[in-house]
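Below: the structure, in structure tokens.
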Amino acid sequence: MTLSTLAEVMQSTKKSKGYVVGFVVQGWEDAKAFVEAASETNSNIVLQAGPTFRDNMPLEAIGKMFQILARNTSVKIGAHLDHGNDIEVCKEALDVGFTSVMFDGSRRSLNENIEETLKVCDLAKQYKASVEAELGFVGYKQIDQNRLTCPNEVQIFSETVPINALAISVGNTHLQTSHLAEIDYKLLAEIQKASKSPLVIHGGSGVSPMDRKKMSSEFNVSKFNIGTELRMTFGNSLRKYLMENLEVFDRFDIMEAVKKSIKNKAKLILESSK
């Protein structure tokens with residue numbers, strides 16, 4: 001199957017009231033593991049290229065990798081630019097085959113965020129691609145850096161900008177190593193009422209599977225971005241394999257063992273998303 005847009009992938013969850021997993025990719029092995037897990041659980045997913053991954057691998061190579069992986073599966077796979085901070089990187093991603101882009105205007109004023117996101121929406125329309133935006137600010141590790149999403153801003157934004165998904169801040173935080181997020185459900189209900197778009201949670205690794213299910217089934221959260229808990233699986237399985245196999249030095253043998261652990265973890269996450 002060819003790549004699908006973010007809107008197409010999220011559409012598939014409406015009847016089940018489940019959610020799409022946006023897998024944060026760091027290389028070939030984990031991307032392949034995510035797609036294999038998706039195929040084996042019959043789950044539509046999004047492969048996401050964030051800023052750190054883009055620093056390590058050219059967008060053109062990432063785009064081609066995502067296309068090849070999608071071609072060899074029967075489920076829907078989205079190719080998503082995560083945290084694009086300017087229109088130039090969004091255009092570069094669309095030029096090399098990405099099917100959706102996230103324009104991150106969370107550090108800008110509301111008016112600047114609206115103005116720049118409108119430009120990205122106009123650009124994405126030319127490629128028949130989807131756009132995710134963000135209101136509020138989801139911090140990194142330090143919860144006190146978070147700025148909760150304002151429902152009034154959501155309403156203004158929704159009435160002005162034709163986005164396909166909206167990332168929000170309701171107690172979620174990036175790079176959490178355990179399920180410690182305390183979700184503000186009262187705020188989430190107000191945001192849901194104000195938004196015309198499906199909602200997205202960044203920092204999904206910090207949100208418990210029980211909260212993920214509740215947020216998707218009752219509050220229109222359609223995508224959770226999950227990266228940290230899979231990176232932890234990668235690091236822990238790599239460390240364990242090397243300690244138990246001191247004579248092994250071949251990268252392919254090592255990574256095949258690690259990929260298996262990542263796939264199994266991804267399958268558990270996908271099964272809980274339905």
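Simple scheme: letters A, B, ... for chains in structure tokens order, numbers from 1 for residues in each chain, numbers from 1 for ligands in the order shown.
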
Notebook entry, point to check: Among region 152-186 of chain A, which residues carry a DSSP assignment of strand (DSSP E), reported as a PyMOL selection string?
Noted result: chain A and resi 165-168

Next item on the list: Excluding Asp82 (chain A) and any residue of its chain fewer than 3 positions from it, enumerate the residues within 9 Å of it, using only C-alpha atoms, and give them as a PyMOL selection string.
Entry: chain A and resi 24+48-51+100-104+132

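The interatomic distance for the pair CA of Asp144 (chain A) and CA of Gly206 (chain A) works out to 14.7 Å.
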
Item checked: Picked from region 150-267 of chain A by DSSP as alpha helix (DSSP H), as a PyMOL selection string -> chain A and resi 151-160+185-194+209-219+228-244+251-267

Those residues you just picked out, can you put them in a file as a PDB file, in the first residue's frame with C-alpha atoms?
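Written output follows (part_14.pdb):
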```
ATOM      1  CA  PRO A 151      -9.979  26.526  25.181  1.00  0.00           C
ATOM      2  CA  ASN A 152     -10.724  30.070  24.009  1.00  0.00           C
ATOM      3  CA  GLU A 153      -7.609  29.975  21.819  1.00  0.00           C
ATOM      4  CA  VAL A 154      -8.697  26.584  20.491  1.00  0.00           C
ATOM      5  CA  GLN A 155     -12.053  28.017  19.441  1.00  0.00           C
ATOM      6  CA  ILE A 156     -10.451  31.002  17.690  1.00  0.00           C
ATOM      7  CA  PHE A 157      -7.886  28.759  16.011  1.00  0.00           C
ATOM      8  CA  SER A 158     -10.501  26.220  14.902  1.00  0.00           C
ATOM      9  CA  GLU A 159     -12.640  28.893  13.328  1.00  0.00           C
ATOM     10  CA  THR A 160      -9.675  30.335  11.435  1.00  0.00           C
ATOM     11  CA  TYR A 185     -10.043  16.022  32.185  1.00  0.00           C
ATOM     12  CA  LYS A 186     -12.091  19.152  32.883  1.00  0.00           C
ATOM     13  CA  LEU A 187      -9.783  21.147  30.632  1.00  0.00           C
ATOM     14  CA  LEU A 188      -9.750  18.356  28.043  1.00  0.00           C
ATOM     15  CA  ALA A 189     -13.569  18.392  27.899  1.00  0.00           C
ATOM     16  CA  GLU A 190     -13.537  22.161  27.298  1.00  0.00           C
ATOM     17  CA  ILE A 191     -10.932  21.773  24.549  1.00  0.00           C
ATOM     18  CA  GLN A 192     -12.904  18.984  22.906  1.00  0.00           C
ATOM     19  CA  LYS A 193     -16.001  21.190  22.827  1.00  0.00           C
ATOM     20  CA  ALA A 194     -14.054  24.099  21.324  1.00  0.00           C
ATOM     21  CA  PRO A 209      -2.777   3.011  28.753  1.00  0.00           C
ATOM     22  CA  MET A 210      -5.970   3.451  30.812  1.00  0.00           C
ATOM     23  CA  ASP A 211      -5.875   7.233  30.344  1.00  0.00           C
ATOM     24  CA  ARG A 212      -5.062   6.849  26.642  1.00  0.00           C
ATOM     25  CA  LYS A 213      -8.153   4.690  26.168  1.00  0.00           C
ATOM     26  CA  LYS A 214     -10.381   7.040  28.141  1.00  0.00           C
ATOM     27  CA  MET A 215      -9.088  10.108  26.279  1.00  0.00           C
ATOM     28  CA  SER A 216      -9.676   8.487  22.891  1.00  0.00           C
ATOM     29  CA  SER A 217     -13.091   6.959  23.601  1.00  0.00           C
ATOM     30  CA  GLU A 218     -14.592   9.947  25.432  1.00  0.00           C
ATOM     31  CA  PHE A 219     -12.668  13.069  24.380  1.00  0.00           C
ATOM     32  CA  THR A 228      10.431   7.294  24.978  1.00  0.00           C
ATOM     33  CA  GLU A 229       9.102   3.930  26.137  1.00  0.00           C
ATOM     34  CA  LEU A 230      10.238   2.373  22.848  1.00  0.00           C
ATOM     35  CA  ARG A 231      13.669   3.983  23.122  1.00  0.00           C
ATOM     36  CA  MET A 232      13.874   2.504  26.608  1.00  0.00           C
ATOM     37  CA  THR A 233      13.036  -0.906  25.132  1.00  0.00           C
ATOM     38  CA  PHE A 234      15.778  -0.391  22.548  1.00  0.00           C
ATOM     39  CA  GLY A 235      18.413   0.586  25.118  1.00  0.00           C
ATOM     40  CA  ASN A 236      17.510  -2.092  27.649  1.00  0.00           C
ATOM     41  CA  SER A 237      17.361  -4.921  25.095  1.00  0.00           C
ATOM     42  CA  LEU A 238      20.624  -3.811  23.460  1.00  0.00           C
ATOM     43  CA  ARG A 239      22.395  -3.712  26.828  1.00  0.00           C
ATOM     44  CA  LYS A 240      21.017  -7.117  27.832  1.00  0.00           C
ATOM     45  CA  TYR A 241      21.903  -8.780  24.518  1.00  0.00           C
ATOM     46  CA  LEU A 242      25.480  -7.500  24.527  1.00  0.00           C
ATOM     47  CA  MET A 243      26.052  -8.561  28.133  1.00  0.00           C
ATOM     48  CA  GLU A 244      24.745 -12.052  27.394  1.00  0.00           C
ATOM     49  CA  ARG A 251      25.709  -5.299  13.748  1.00  0.00           C
ATOM     50  CA  PHE A 252      23.058  -7.305  11.895  1.00  0.00           C
ATOM     51  CA  ASP A 253      22.935 -10.042  14.515  1.00  0.00           C
ATOM     52  CA  ILE A 254      22.782  -7.494  17.309  1.00  0.00           C
ATOM     53  CA  MET A 255      20.109  -5.330  15.707  1.00  0.00           C
ATOM     54  CA  GLU A 256      17.949  -8.289  14.726  1.00  0.00           C
ATOM     55  CA  ALA A 257      17.670  -9.242  18.383  1.00  0.00           C
ATOM     56  CA  VAL A 258      16.943  -5.668  19.412  1.00  0.00           C
ATOM     57  CA  LYS A 259      14.388  -5.211  16.614  1.00  0.00           C
ATOM     58  CA  LYS A 260      12.458  -8.220  17.884  1.00  0.00           C
ATOM     59  CA  SER A 261      12.122  -6.603  21.325  1.00  0.00           C
ATOM     60  CA  ILE A 262      10.979  -3.317  19.804  1.00  0.00           C
ATOM     61  CA  LYS A 263       8.389  -5.083  17.641  1.00  0.00           C
ATOM     62  CA  ASN A 264       6.974  -7.004  20.584  1.00  0.00           C
ATOM     63  CA  LYS A 265       6.666  -3.804  22.609  1.00  0.00           C
ATOM     64  CA  ALA A 266       5.063  -1.995  19.653  1.00  0.00           C
ATOM     65  CA  LYS A 267       2.537  -4.815  19.275  1.00  0.00           C
TER      66      LYS A 267
END
```

Give me the residues of region 100-150 of chain A that have any atom at most 10 Å from an atom of region 164-174 of chain A; for each, the nearest atom pair and the distance in Å, rounded to one decimal. Use only C-alpha atoms, sort by chain and number, and format it as CSV.
```
residue,atom,partner,partner_atom,distance
A:Ser100,CA,A:Asn164,CA,9.3
A:Met102,CA,A:Ala165,CA,8.9
A:Asp104,CA,A:Ala167,CA,9.1
A:Ser106,CA,A:Ala167,CA,9.4
A:Cys121,CA,A:Asn164,CA,9.4
A:Ala129,CA,A:Asn164,CA,9.5
A:Ser130,CA,A:Asn164,CA,5.9
A:Val131,CA,A:Asn164,CA,5.4
A:Glu132,CA,A:Ala165,CA,4.6
A:Ala133,CA,A:Leu166,CA,5.0
A:Glu134,CA,A:Ala167,CA,4.5
A:Leu135,CA,A:Ile168,CA,5.6
A:Gly136,CA,A:Ser169,CA,5.5
A:Phe137,CA,A:Ser169,CA,6.0
A:Val138,CA,A:Thr173,CA,5.4
A:Gly139,CA,A:Thr173,CA,5.4
A:Tyr140,CA,A:His174,CA,4.7
A:Lys141,CA,A:His174,CA,5.9
A:Gln142,CA,A:Thr173,CA,7.6
A:Ile143,CA,A:Thr173,CA,6.2
A:Asp144,CA,A:Thr173,CA,9.5
A:Gln145,CA,A:Thr173,CA,8.9
A:Asn146,CA,A:Thr173,CA,7.2
A:Arg147,CA,A:Ser169,CA,6.8
A:Leu148,CA,A:Ser169,CA,4.9
A:Thr149,CA,A:Ser169,CA,5.2
A:Cys150,CA,A:Ser169,CA,8.9
```

Item checked: Closest of A:Leu180, A:Val96, A:Val35, A:Val248 to Asn72 (chain A) - atom-to-atom distances counting only C-alpha atoms -> A:Val35

Item checked: Shell of 7 Å around His179 (chain A), only C-alpha atoms, local chain residues under 5 positions omitted, as a ChimeraX atom specification -> /A:205-208

Next item on the list: Considering only C-alpha atoms, return as a list in words whatever protein or nucleic-acid residues lie within 7 Å of Phe66 (chain A), sequence-local ones (same chain, fewer than 4 positions apart) excluded.
Entry: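 Contacts, with the query itself left out: Ile62, Ala70 and Ala79 of chain A.
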